[in-house]
>>> print(open('structure07.txt').read())   # compact mmCIF, C-alpha atoms
# COMPACT_ATOMS: atom_id res chain seq x y z
CA MET U 236 11.95 -11.26 18.72
CA ASP U 237 8.61 -9.79 19.84
CA LEU U 238 7.54 -7.84 16.76
CA GLU U 239 4.30 -6.64 18.36
CA GLN U 240 6.19 -5.11 21.27
CA LEU U 241 8.83 -3.61 19.00
CA PHE U 242 6.11 -1.91 16.98
CA ASN U 243 4.36 -0.58 20.09
CA ASP U 244 7.65 0.72 21.46
CA ASN U 245 8.74 2.41 18.23
CA LYS U 246 5.54 3.58 16.55
CA GLU U 247 5.93 7.20 15.52
CA GLN U 248 2.98 8.76 17.29
CA SER U 249 3.12 12.12 15.50
CA ILE U 250 1.90 10.73 12.15
CA GLU U 251 -1.25 8.76 11.46
CA GLY U 252 -4.00 8.32 8.92
CA ARG U 253 -3.79 8.34 5.16
CA TYR U 254 -3.02 11.97 4.33
CA LEU U 255 0.72 12.37 4.85
CA THR U 256 2.58 15.32 3.33
CA LEU U 257 6.11 16.65 3.28
CA GLU U 258 5.12 19.11 6.01
CA SER U 259 4.04 16.14 8.13
CA ILE U 260 7.42 14.48 8.05
CA GLU U 261 9.91 17.37 7.97
CA PRO U 262 9.87 17.75 11.78
CA LEU U 263 10.57 14.02 12.11
CA LEU U 264 13.44 14.15 9.64
CA ASN U 265 14.95 17.09 11.47
CA ARG U 266 14.58 15.32 14.82
CA LEU U 267 16.26 12.19 13.42
CA ASN U 268 19.08 14.23 11.87
CA THR U 269 21.42 13.57 14.75
CA ASN U 270 24.61 13.15 12.72
CA ASN U 271 24.05 14.82 9.35
CA GLN U 272 22.09 11.84 7.99
CA LEU U 273 19.61 14.11 6.21
CA SER U 274 20.18 15.56 2.74
CA VAL U 275 18.15 17.34 0.07
CA ILE U 276 18.80 15.34 -3.10
CA GLY U 277 16.53 17.18 -5.52
CA GLU U 278 13.29 19.04 -6.09
CA SER U 279 9.82 18.15 -7.28
CA VAL U 280 8.04 19.79 -10.20
CA LEU U 281 6.70 22.42 -7.78
CA LYS U 282 10.16 22.90 -6.25
CA LYS U 283 9.47 21.03 -3.03
CA PRO U 284 12.59 19.41 -1.55
CA ILE U 285 13.08 15.68 -1.91
CA TYR U 286 14.93 14.32 1.11
CA SER U 287 17.16 11.34 1.63
CA TYR U 288 18.04 9.89 5.00
CA GLN U 289 21.13 7.69 5.23
CA ILE U 290 22.09 5.76 8.34
CA GLY U 291 24.31 2.78 9.18
CA GLU U 292 27.84 1.69 8.38
CA GLY U 293 27.32 -1.84 7.14
CA GLU U 294 28.47 -3.39 3.88
CA THR U 295 24.99 -4.34 2.69
CA ARG U 296 23.39 -1.27 1.15
CA ILE U 297 19.59 -0.98 1.22
CA LEU U 298 17.73 1.60 -0.89
CA LEU U 299 14.13 2.26 0.19
CA TRP U 300 11.67 4.76 -1.26
CA SER U 301 8.06 5.50 -0.41
CA GLN U 302 5.22 7.65 -1.75
CA MET U 303 6.37 7.41 -5.34
CA HIS U 304 2.59 7.61 -5.64
CA GLY U 305 1.62 10.56 -3.50
CA ASN U 306 -1.56 9.02 -2.05
CA GLU U 307 0.18 5.83 -0.85
CA SER U 308 1.38 6.74 2.62
CA THR U 309 1.15 3.60 4.75
CA THR U 310 4.68 2.48 4.04
CA THR U 311 6.01 5.95 4.85
CA LYS U 312 4.56 5.64 8.33
CA ALA U 313 6.10 2.20 8.75
CA LEU U 314 9.43 3.48 7.48
CA PHE U 315 9.55 6.08 10.26
CA ASP U 316 8.59 3.43 12.80
CA PHE U 317 11.57 1.43 11.58
CA LEU U 318 13.88 4.45 11.74
CA ASN U 319 12.86 4.84 15.39
CA VAL U 320 14.14 1.31 15.98
CA LEU U 321 17.51 2.31 14.53
CA HIS U 322 17.59 5.26 16.95
CA SER U 323 16.49 3.22 19.97
CA GLY U 324 19.97 2.46 21.26
CA SER U 325 19.05 -1.21 21.53
CA GLU U 326 21.19 -4.23 20.79
CA LEU U 327 19.04 -4.88 17.73
CA ALA U 328 19.67 -1.34 16.47
CA ALA U 329 23.43 -1.73 16.91
CA GLU U 330 23.36 -5.03 15.03
CA LEU U 331 21.39 -3.58 12.11
CA LEU U 332 23.49 -0.42 11.88
CA ALA U 333 26.66 -2.49 11.80
CA ALA U 334 25.33 -4.82 9.10
CA PHE U 335 23.56 -2.36 6.78
CA THR U 336 23.68 1.09 5.30
CA PHE U 337 20.13 2.33 4.76
CA TYR U 338 19.35 5.02 2.19
CA CYS U 339 15.74 6.14 2.54
CA ILE U 340 13.65 8.50 0.42
CA PRO U 341 10.51 8.87 2.55
CA ILE U 342 8.39 10.90 0.09
CA LEU U 343 9.63 10.77 -3.49
CA ASN U 344 6.55 12.59 -4.82
CA PRO U 345 5.87 15.51 -2.44
CA ASP U 346 3.57 17.30 -4.89
CA GLY U 347 1.39 14.23 -5.26
CA ALA U 348 1.42 13.77 -1.49
CA GLN U 349 0.16 17.32 -0.98
CA ALA U 350 -2.59 16.93 -3.60
CA TYR U 351 -3.32 13.33 -2.54
CA THR U 352 -2.88 12.00 -6.05
CA ARG U 353 -1.11 9.01 -7.50
CA VAL U 354 0.65 11.16 -10.10
CA ASN U 355 3.05 14.09 -9.77
CA ALA U 356 2.26 17.74 -10.52
CA ASN U 357 2.68 17.07 -14.25
CA GLU U 358 0.13 14.24 -13.94
CA ILE U 359 2.78 11.63 -14.69
CA ASP U 360 2.84 8.26 -12.95
CA LEU U 361 6.45 8.09 -11.75
CA ASN U 362 6.23 4.30 -11.72
CA ARG U 363 5.83 4.35 -15.49
CA ASP U 364 8.71 6.76 -16.08
CA SER U 365 11.77 4.66 -15.30
CA GLN U 366 12.97 4.60 -18.91
CA ASN U 367 12.06 8.07 -20.14
CA LEU U 368 13.05 9.74 -16.85
CA SER U 369 10.98 12.70 -17.99
CA GLN U 370 10.22 13.94 -14.47
CA PRO U 371 12.58 15.48 -11.88
CA GLU U 372 11.39 13.00 -9.22
CA SER U 373 12.21 10.06 -11.50
CA ARG U 374 15.69 11.42 -12.11
CA VAL U 375 16.25 11.90 -8.37
CA LEU U 376 15.51 8.24 -7.70
CA ARG U 377 17.66 7.03 -10.59
CA ASP U 378 20.56 9.24 -9.49
CA ALA U 379 20.25 7.83 -5.97
CA PHE U 380 20.32 4.30 -7.36
CA ASP U 381 23.38 5.02 -9.53
CA SER U 382 25.36 6.75 -6.79
CA PHE U 383 24.41 4.59 -3.79
CA LEU U 384 24.88 1.27 -5.63
CA PRO U 385 22.40 -0.70 -3.50
CA ASN U 386 22.57 -4.41 -2.84
CA TYR U 387 18.78 -4.51 -2.37
CA CYS U 388 15.94 -2.17 -3.35
CA PHE U 389 12.66 -1.83 -1.46
CA ASN U 390 9.88 -0.27 -3.54
CA LEU U 391 7.18 0.73 -1.04
CA HIS U 392 3.55 1.22 -2.11
CA ASP U 393 -0.12 0.96 -1.12
CA GLN U 394 -2.75 -1.03 -3.00
CA ARG U 395 -6.50 -0.50 -3.23
CA THR U 396 -9.11 -2.22 -1.07
CA ILE U 397 -10.36 -4.17 -4.11
CA PHE U 398 -7.63 -6.81 -3.79
CA GLY U 399 -8.13 -10.13 -2.07
CA VAL U 400 -5.90 -13.14 -1.55
CA GLY U 401 -6.97 -15.25 -4.50
CA SER U 402 -10.59 -16.29 -4.00
CA THR U 403 -10.27 -17.01 -0.28
CA GLY U 404 -12.51 -14.13 0.80
CA LYS U 405 -9.66 -12.61 2.80
CA PRO U 406 -8.30 -9.15 2.02
CA ALA U 407 -4.74 -8.78 0.75
CA THR U 408 -3.47 -6.86 3.77
CA VAL U 409 0.12 -7.05 2.56
CA SER U 410 1.29 -8.14 -0.88
CA PHE U 411 4.75 -8.68 -2.28
CA LEU U 412 6.45 -9.09 -5.62
CA ALA U 413 9.91 -9.95 -6.84
CA PRO U 414 9.54 -8.07 -10.15
CA SER U 415 10.43 -9.72 -13.43
CA TYR U 416 13.56 -8.67 -15.25
CA ASN U 417 12.48 -9.80 -18.73
CA GLU U 418 9.37 -10.56 -20.77
CA GLU U 419 9.71 -14.30 -20.13
CA ARG U 420 9.57 -13.71 -16.35
CA GLU U 421 12.63 -15.88 -15.88
CA ILE U 422 14.39 -16.25 -12.55
CA ASN U 423 18.05 -15.26 -12.41
CA GLU U 424 20.32 -14.88 -9.41
CA SER U 425 19.16 -11.36 -8.65
CA ARG U 426 15.46 -12.14 -8.79
CA MET U 427 16.00 -15.33 -6.80
CA LYS U 428 17.47 -13.30 -3.94
CA ALA U 429 14.34 -11.17 -3.85
CA ILE U 430 12.13 -14.27 -4.04
CA ALA U 431 13.95 -16.00 -1.18
CA LEU U 432 13.71 -12.91 1.00
CA ILE U 433 9.97 -12.53 0.35
CA ALA U 434 9.53 -16.21 1.22
CA GLY U 435 11.17 -15.54 4.59
CA ILE U 436 9.03 -12.46 5.24
CA ASN U 437 5.92 -14.44 4.35
CA ASN U 438 6.81 -17.11 6.89
CA VAL U 439 6.97 -14.44 9.59
CA LEU U 440 3.80 -12.55 8.63
CA GLN U 441 1.70 -15.71 8.35
CA GLN U 442 2.01 -15.92 12.15
CA TYR U 443 0.23 -12.57 12.48
CA ILE U 444 -2.14 -12.31 9.51
CA PRO U 445 -2.58 -15.88 8.29
CA GLY U 446 -4.03 -16.06 4.80
CA GLN U 447 -3.93 -12.29 4.29
CA ILE U 448 -0.71 -12.07 2.27
CA GLY U 449 -0.86 -11.85 -1.51
CA ARG U 450 1.52 -11.99 -4.43
CA PHE U 451 1.38 -9.18 -6.96
CA ASP U 452 1.21 -9.81 -10.69
CA ASP U 453 4.69 -10.21 -12.21
CA SER U 454 3.95 -9.12 -15.78
CA PHE U 455 7.05 -7.40 -17.11
CA ASN U 456 7.05 -3.67 -17.82
CA LEU U 457 10.46 -2.04 -18.11
CA ASN U 458 8.84 1.36 -17.57
CA CYS U 459 8.13 0.31 -13.98
CA ILE U 460 10.97 1.14 -11.63
CA GLY U 461 11.07 -2.25 -9.91
CA ASP U 462 11.38 -4.09 -13.21
CA THR U 463 14.13 -1.68 -14.29
CA PHE U 464 16.19 -2.11 -11.13
CA GLN U 465 15.70 -5.88 -11.25
CA ALA U 466 16.84 -5.85 -14.90
CA LEU U 467 19.92 -3.92 -13.80
CA GLY U 468 20.85 -6.81 -11.53
CA VAL U 469 19.78 -5.51 -8.13
CA PRO U 470 17.35 -7.66 -6.11
CA THR U 471 14.20 -5.59 -5.78
CA LEU U 472 11.17 -6.17 -3.57
CA LEU U 473 7.78 -4.55 -4.08
CA PHE U 474 5.75 -4.00 -0.90
CA GLU U 475 2.03 -3.28 -1.26
CA ALA U 476 0.17 -2.16 1.87
CA GLY U 477 -3.47 -3.20 1.60
CA HIS U 478 -6.65 -3.41 3.61
CA PHE U 479 -7.06 -4.89 7.08
CA GLN U 480 -10.54 -5.36 8.50
CA ASP U 481 -12.10 -2.05 9.63
CA ASP U 482 -8.81 -0.25 9.10
CA TYR U 483 -9.32 2.37 6.41
CA GLU U 484 -6.71 4.59 8.08
CA ARG U 485 -4.28 1.66 7.69
CA GLU U 486 -2.84 1.83 11.15
CA ASN U 487 -2.98 -1.97 11.51
CA THR U 488 -1.53 -2.45 8.04
CA ARG U 489 1.23 -0.04 9.03
CA LYS U 490 2.19 -2.48 11.80
CA TYR U 491 2.47 -5.40 9.39
CA ILE U 492 4.60 -3.38 6.96
CA PHE U 493 6.86 -2.52 9.91
CA MET U 494 7.08 -6.21 10.76
CA ALA U 495 7.89 -7.04 7.14
CA LEU U 496 10.68 -4.46 6.99
CA LEU U 497 12.24 -5.48 10.28
CA SER U 498 11.93 -9.17 9.44
CA SER U 499 13.59 -8.71 6.06
CA PHE U 500 16.66 -7.13 7.61
CA THR U 501 16.97 -9.64 10.43
CA ILE U 502 16.70 -12.45 7.85
CA LEU U 503 19.49 -10.89 5.80
CA CYS U 504 21.56 -10.11 8.87
CA GLU U 505 21.34 -13.68 10.15
CA ASN U 506 21.56 -15.16 6.64
CA ASP U 507 18.37 -17.04 7.51
CA ILE U 508 17.31 -17.57 3.89
CA VAL U 509 14.37 -19.91 3.39
CA ASP U 510 15.04 -23.29 1.78
CA ASN U 511 12.93 -23.94 -1.31
CA GLY U 512 12.25 -20.22 -1.48
CA ILE U 513 10.76 -20.41 -4.93
CA ASP U 514 8.14 -22.95 -3.82
CA ASN U 515 7.29 -20.91 -0.76
CA TYR U 516 7.05 -17.74 -2.85
CA LEU U 517 4.82 -19.33 -5.49
CA SER U 518 2.58 -20.75 -2.78
CA ILE U 519 1.56 -17.19 -1.88
CA PRO U 520 -1.78 -16.73 -3.70
CA GLN U 521 -1.88 -14.01 -6.30
CA ASN U 522 -3.84 -10.84 -5.70
CA LYS U 523 -7.27 -10.92 -7.25
CA VAL U 524 -9.83 -8.15 -7.71
CA VAL U 525 -12.66 -9.63 -5.63
CA PHE U 526 -13.62 -6.97 -3.07
CA TYR U 527 -15.87 -3.95 -2.79
CA ASP U 528 -15.98 -1.76 0.28
CA PHE U 529 -19.73 -2.42 0.58
CA LEU U 530 -21.81 -5.29 -0.78
CA TYR U 531 -25.59 -5.27 -0.35
CA LYS U 532 -27.26 -8.61 -1.04
CA ASN U 533 -30.80 -9.71 -1.79
CA VAL U 534 -32.22 -6.24 -2.31
CA LYS U 535 -35.56 -5.66 -4.04
CA LEU U 536 -35.07 -3.14 -6.84
CA ASN U 537 -37.87 -1.62 -8.86
CA TYR U 538 -36.84 -0.42 -12.30
CA ASP U 539 -39.52 0.85 -14.68
CA GLY U 540 -42.16 -1.20 -12.88
CA ASN U 541 -40.10 -4.41 -12.90
CA GLU U 542 -39.12 -5.85 -9.55
CA LYS U 543 -35.94 -7.87 -9.15
CA ILE U 544 -34.03 -9.31 -6.21
CA THR U 545 -30.36 -8.63 -6.80
CA ASN U 546 -27.15 -7.25 -5.30
CA PHE U 547 -25.29 -3.98 -5.59
CA ALA U 548 -21.97 -2.61 -4.41
CA ALA U 549 -20.49 0.68 -3.25
CA GLN U 550 -16.91 1.83 -3.07
CA TYR U 551 -15.22 4.59 -1.15
CA LYS U 552 -13.63 7.46 -3.02
CA GLU U 553 -10.89 9.17 -1.04
CA GLU U 554 -11.63 12.86 -1.54
CA LEU U 555 -9.37 15.64 -0.30
CA ILE U 556 -11.39 18.69 0.71
CA GLU U 557 -9.61 21.69 2.26
CA ASN U 558 -6.63 19.54 3.19
CA LYS U 559 -8.78 16.97 4.96
CA LEU U 560 -9.36 13.49 3.62
CA PHE U 561 -12.90 12.11 3.42
CA PHE U 562 -14.05 8.59 2.55
CA ASN U 563 -17.23 9.02 0.50
CA ALA U 564 -19.15 5.95 -0.68
CA TYR U 565 -20.62 5.76 -4.19
CA PHE U 566 -22.54 3.03 -6.01
CA VAL U 567 -20.28 1.26 -8.49
CA GLU U 568 -21.93 -2.01 -9.59
CA ILE U 569 -25.31 -3.73 -9.76
CA GLY U 570 -25.82 -7.44 -10.52
CA ASP U 571 -25.30 -10.94 -9.18
CA LEU U 572 -21.73 -10.23 -7.98
CA ASP U 573 -21.53 -13.85 -6.82
CA SER U 574 -17.75 -14.03 -7.04
CA TYR U 575 -17.21 -10.84 -5.04
CA TYR U 576 -16.94 -10.01 -1.36
CA GLY U 577 -17.60 -6.87 0.65
CA HIS U 578 -15.41 -5.56 3.41
CA ILE U 579 -18.82 -4.68 4.84
CA GLU U 580 -21.74 -6.89 3.75
CA TYR U 581 -25.45 -6.48 4.43
CA ASP U 582 -28.21 -8.98 3.65
CA ALA U 583 -31.37 -7.00 2.90
CA LYS U 584 -33.53 -10.15 2.96
CA GLU U 585 -35.53 -8.88 -0.03
CA ALA U 586 -36.27 -5.48 1.52
CA GLU U 587 -37.14 -2.82 -1.05
CA TYR U 588 -34.63 -0.12 -1.96
CA LYS U 589 -35.55 3.58 -2.03
CA ASP U 590 -33.64 6.83 -2.13
CA GLU U 591 -34.52 10.48 -2.60
CA HIS U 592 -34.33 10.06 -6.39
CA GLY U 593 -36.32 6.86 -6.83
CA ASN U 594 -36.24 3.09 -6.45
CA PHE U 595 -32.96 2.23 -8.14
CA PRO U 596 -29.30 2.87 -7.16
CA GLU U 597 -27.72 4.83 -9.99
CA LEU U 598 -24.02 4.28 -10.60
CA ASN U 599 -21.75 7.04 -9.25
CA GLN U 600 -24.53 8.19 -6.93
CA LYS U 601 -23.69 8.64 -3.26
CA ALA U 602 -24.61 5.61 -1.17
CA ASN U 603 -27.43 7.22 0.83
CA PHE U 604 -30.65 5.17 0.77
CA TYR U 605 -33.39 3.35 2.66
CA LEU U 606 -34.55 -0.24 2.87
CA GLU U 607 -38.33 -0.56 3.32
CA ASN U 608 -38.32 3.09 4.49
CA SER U 609 -37.21 2.02 7.95
CA ILE U 610 -33.48 1.36 7.75
CA GLU U 611 -31.46 4.37 6.63
CA PHE U 612 -27.98 4.08 5.13
CA VAL U 613 -25.72 7.14 5.06
CA ASN U 614 -22.41 7.02 3.25
CA GLY U 615 -22.80 3.27 2.86
CA LEU U 616 -23.39 2.53 6.54
CA ILE U 617 -26.52 2.02 8.61
CA LYS U 618 -27.33 5.30 10.32
CA LYS U 619 -27.23 4.89 14.06
>>> encode(input="structure07.txt", output="structure tokens")
Amino acid sequence: MDLEQLFNDNKEQSIEGRYLTLESIEPLLNRLNTNNQLSVIGESVLKKPIYSYQIGEGETRILLWSQMHGNESTTTKALFDFLNVLHSGSELAAELLAAFTFYCIPILNPDGAQAYTRVNANEIDLNRDSQNLSQPESRVLRDAFDSFLPNYCFNLHDQRTIFGVGSTGKPATVSFLAPSYNEEREINESRMKAIALIAGINNVLQQYIPGQIGRFDDSFNLNCIGDTFQALGVPTLLFEAGHFQDDYERENTRKYIFMALLSSFTILCENDIVDNGIDNYLSIPQNKVVFYDFLYKNVKLNYDGNEKITNFAAQYKEELIENKLFFNAYFVEIGDLDSYYGHIEYDAKEAEYKDEHGNFPELNQKANFYLENSIEFVNGLIKK
């Protein structure tokens, strides 16, 4: 199966970038609603509709939800790319539709999506509300789980650019987790199914992004929805879409999430479960916070008359201004930073730092500065 070609053939061209709202996807949902697959299953805090999309007639029931955190849109894009496969009329589509019933909630948190925030309109993290069910969006997901009775759950998220694959110096472009079901992090039959499936997905993705797949921390928290569903006996997989080189819009990462989704269902369909899945799963290095967006090395800083050669880092903040998303770089750390990497690194070779305020990069200041008055950096990057 040529996953690259399948992605190119089925990529949903009408959506791109990081800012993806309910208004962005409603035309797609309506276009895909060819046989009454689309339903409104609830409302958000601000009374926006929450949609489900159900397709397929197979015995194995798959529940997928995305944008539980409103600013995590990469998996939503990949989900629509996958739905295009199911509507392609291909032999693969027929096979998947006969084997599975898919129940998708593309944007669980439409208010957070509109505001580009992790939380909902009540400033609640829905992924910490699986026990209290204090929010309407949380109750919608739990009702879907209880009524659909899934055989597998796919919890689809994005992760920040700070994560790397262990200490390898490679970004965690895609990370996975089979959540724990108890404090001891034991492995029962349900969790083992999730582990074995992730092991199979990892084998596929290593062919495309070798060394760029991470394993998320499995500390148990029953307030997290994945841990709750795992504890209820349903194999649950966490997908985390991360950073690919020079891909802040996450269009490359989108492709690898698509590949992961499609691979997972072909593995299940063909019963191609990996032998020694637990060993394969545990061999995936854990995510580690080792990256900054920008790392500037060997810079001469002058602070109160004292000169020092050191390093400093900047990080993008994703700022929504008049419904347009901007990546603005700010200084976040100064020091040796020897165990860290930058997605973009610059060796100043002991050139002296200056900016319009002085000779020292203040934390939370925008990353606009000069080196030796000749090289200008604007928003973290060398001005061309």
>>> atom_distance(input="structure07.txt", atom1="atom CA of U:Asn603", atom2="atom CA of U:Leu536")
15.0 Å
>>> closest_atom_pairs(input="structure07.txt", of="stretch 559-603 of chain U", to="stretch 607-619 of chain U", cutoff="7 Å", atoms="only C-alpha atoms", output="Markdown table")
| residue | atom | partner | partner_atom | distance |
| --- | --- | --- | --- | --- |
| U:Asn563 | CA | U:Asn614 | CA | 6.2 |
| U:Ala564 | CA | U:Asn614 | CA | 5.2 |
| U:Ala586 | CA | U:Glu607 | CA | 5.6 |
| U:Glu587 | CA | U:Glu607 | CA | 5.1 |
| U:Tyr588 | CA | U:Glu607 | CA | 6.5 |
| U:Lys601 | CA | U:Asn614 | CA | 6.8 |
| U:Ala602 | CA | U:Gly615 | CA | 5.0 |
| U:Asn603 | CA | U:Val613 | CA | 4.6 |
>>> write_last_selection(input="structure07.txt", atoms="C-alpha atoms", output="PDB file, in the coordinates of the input")
ATOM      1  CA  ASN U 563     -17.230   9.020   0.500  1.00  0.00           C
ATOM      2  CA  ALA U 564     -19.150   5.950  -0.680  1.00  0.00           C
ATOM      3  CA  ALA U 586     -36.270  -5.480   1.520  1.00  0.00           C
ATOM      4  CA  GLU U 587     -37.140  -2.820  -1.050  1.00  0.00           C
ATOM      5  CA  TYR U 588     -34.630  -0.120  -1.960  1.00  0.00           C
ATOM      6  CA  LYS U 601     -23.690   8.640  -3.260  1.00  0.00           C
ATOM      7  CA  ALA U 602     -24.610   5.610  -1.170  1.00  0.00           C
ATOM      8  CA  ASN U 603     -27.430   7.220   0.830  1.00  0.00           C
TER       9      ASN U 603
END
>>> residues_around(input="structure07.txt", residues="U:Ile250", least_positions_apart="3", cutoff="8 Å", atoms="only C-alpha atoms", output="PyMOL selection string")
chain U and resi 247+255+259-260+312
>>> residues_around(input="structure07.txt", residues="U:Ile397", least_positions_apart="4", cutoff="10 Å", atoms="all atoms listed in the file", output="mmCIF file with C-alpha atoms, in the frame of the given file")
data_model
loop_
_atom_site.group_PDB
_atom_site.id
_atom_site.type_symbol
_atom_site.label_atom_id
_atom_site.label_comp_id
_atom_site.auth_asym_id
_atom_site.auth_seq_id
_atom_site.Cartn_x
_atom_site.Cartn_y
_atom_site.Cartn_z
ATOM 1 C CA PRO U 406 -8.300 -9.150 2.020
ATOM 2 C CA ALA U 407 -4.740 -8.780 0.750
ATOM 3 C CA GLY U 477 -3.470 -3.200 1.600
ATOM 4 C CA HIS U 478 -6.650 -3.410 3.610
ATOM 5 C CA ASN U 522 -3.840 -10.840 -5.700
ATOM 6 C CA LYS U 523 -7.270 -10.920 -7.250
ATOM 7 C CA VAL U 524 -9.830 -8.150 -7.710
ATOM 8 C CA VAL U 525 -12.660 -9.630 -5.630
ATOM 9 C CA PHE U 526 -13.620 -6.970 -3.070
ATOM 10 C CA TYR U 527 -15.870 -3.950 -2.790
ATOM 11 C CA ASP U 528 -15.980 -1.760 0.280
ATOM 12 C CA GLN U 550 -16.910 1.830 -3.070
ATOM 13 C CA TYR U 575 -17.210 -10.840 -5.040
ATOM 14 C CA TYR U 576 -16.940 -10.010 -1.360
ATOM 15 C CA GLY U 577 -17.600 -6.870 0.650
ATOM 16 C CA HIS U 578 -15.410 -5.560 3.410
#
>>> atom_distance(input="structure07.txt", atom1="atom CA of U:Asp453", atom2="atom CA of U:Ser402")
18.4 Å
>>> atom_distance(input="structure07.txt", atom1="atom CA of U:Ala413", atom2="atom CA of U:Leu472")
5.2 Å
>>> closest_residue(input="structure07.txt", among="U:Gln600, U:Gln272, U:Gln302, U:Asn319", to="U:Leu497", atoms="only C-alpha atoms")
U:Asn319
>>> residues_around(input="structure07.txt", residues="stretch 348-358 of chain U", least_positions_apart="6", cutoff="12 Å", atoms="all atoms listed in the file", output="number ranges by chain")
U: 253-260, 278-283, 285, 301-309, 311, 341-342, 364, 369-373, 392-395, 552-561
>>> residues_around(input="structure07.txt", residues="U:Phe335", least_positions_apart="2", cutoff="9 Å", atoms="all atoms listed in the file", output="ChimeraX atom specification")
/U:290-297,330-333,337,500,504
>>> residues_around(input="structure07.txt", residues="stretch 427-441 of chain U", least_positions_apart="5", cutoff="9 Å", atoms="all atoms listed in the file", output="PyMOL selection string")
chain U and resi 387+409+411-414+422+446-448+469-472+491+494-496+498-499+502-503+507-517+519
>>> build_atoms(input="structure07.txt", residues="stretch 280-294 of chain U", atoms="N, CA and C atoms", output="short mmCIF file (atom, residue, chain, number, x, y, z; two decimals), in the coordinates of the input")
data_model
loop_
_atom_site.label_atom_id
_atom_site.label_comp_id
_atom_site.auth_asym_id
_atom_site.auth_seq_id
_atom_site.Cartn_x
_atom_site.Cartn_y
_atom_site.Cartn_z
N VAL U 280 8.49 18.86 -9.15
CA VAL U 280 8.04 19.79 -10.20
C VAL U 280 7.73 21.15 -9.61
N LEU U 281 7.08 21.16 -8.43
CA LEU U 281 6.70 22.42 -7.78
C LEU U 281 7.76 22.93 -6.81
N LYS U 282 8.98 22.42 -6.99
CA LYS U 282 10.16 22.90 -6.25
C LYS U 282 10.12 22.56 -4.76
N LYS U 283 9.40 21.52 -4.40
CA LYS U 283 9.47 21.03 -3.03
C LYS U 283 10.72 20.16 -2.87
N PRO U 284 11.39 20.23 -1.74
CA PRO U 284 12.59 19.41 -1.55
C PRO U 284 12.26 17.93 -1.48
N ILE U 285 13.14 17.13 -2.05
CA ILE U 285 13.08 15.68 -1.91
C ILE U 285 14.25 15.27 -1.02
N TYR U 286 13.93 14.64 0.10
CA TYR U 286 14.93 14.32 1.11
C TYR U 286 15.41 12.88 1.00
N SER U 287 16.66 12.68 1.35
CA SER U 287 17.16 11.34 1.63
C SER U 287 17.62 11.29 3.07
N TYR U 288 17.57 10.10 3.63
CA TYR U 288 18.04 9.89 5.00
C TYR U 288 18.90 8.64 5.00
N GLN U 289 20.18 8.81 5.29
CA GLN U 289 21.13 7.69 5.23
C GLN U 289 21.67 7.42 6.62
N ILE U 290 21.64 6.14 7.01
CA ILE U 290 22.09 5.76 8.34
C ILE U 290 22.66 4.35 8.29
N GLY U 291 23.68 4.09 9.11
CA GLY U 291 24.31 2.78 9.18
C GLY U 291 25.67 2.78 8.54
N GLU U 292 26.47 1.79 8.89
CA GLU U 292 27.84 1.69 8.38
C GLU U 292 28.14 0.31 7.82
N GLY U 293 27.10 -0.47 7.57
CA GLY U 293 27.32 -1.84 7.14
C GLY U 293 27.61 -1.97 5.65
N GLU U 294 28.10 -3.14 5.28
CA GLU U 294 28.47 -3.39 3.88
C GLU U 294 27.26 -3.58 2.98
#
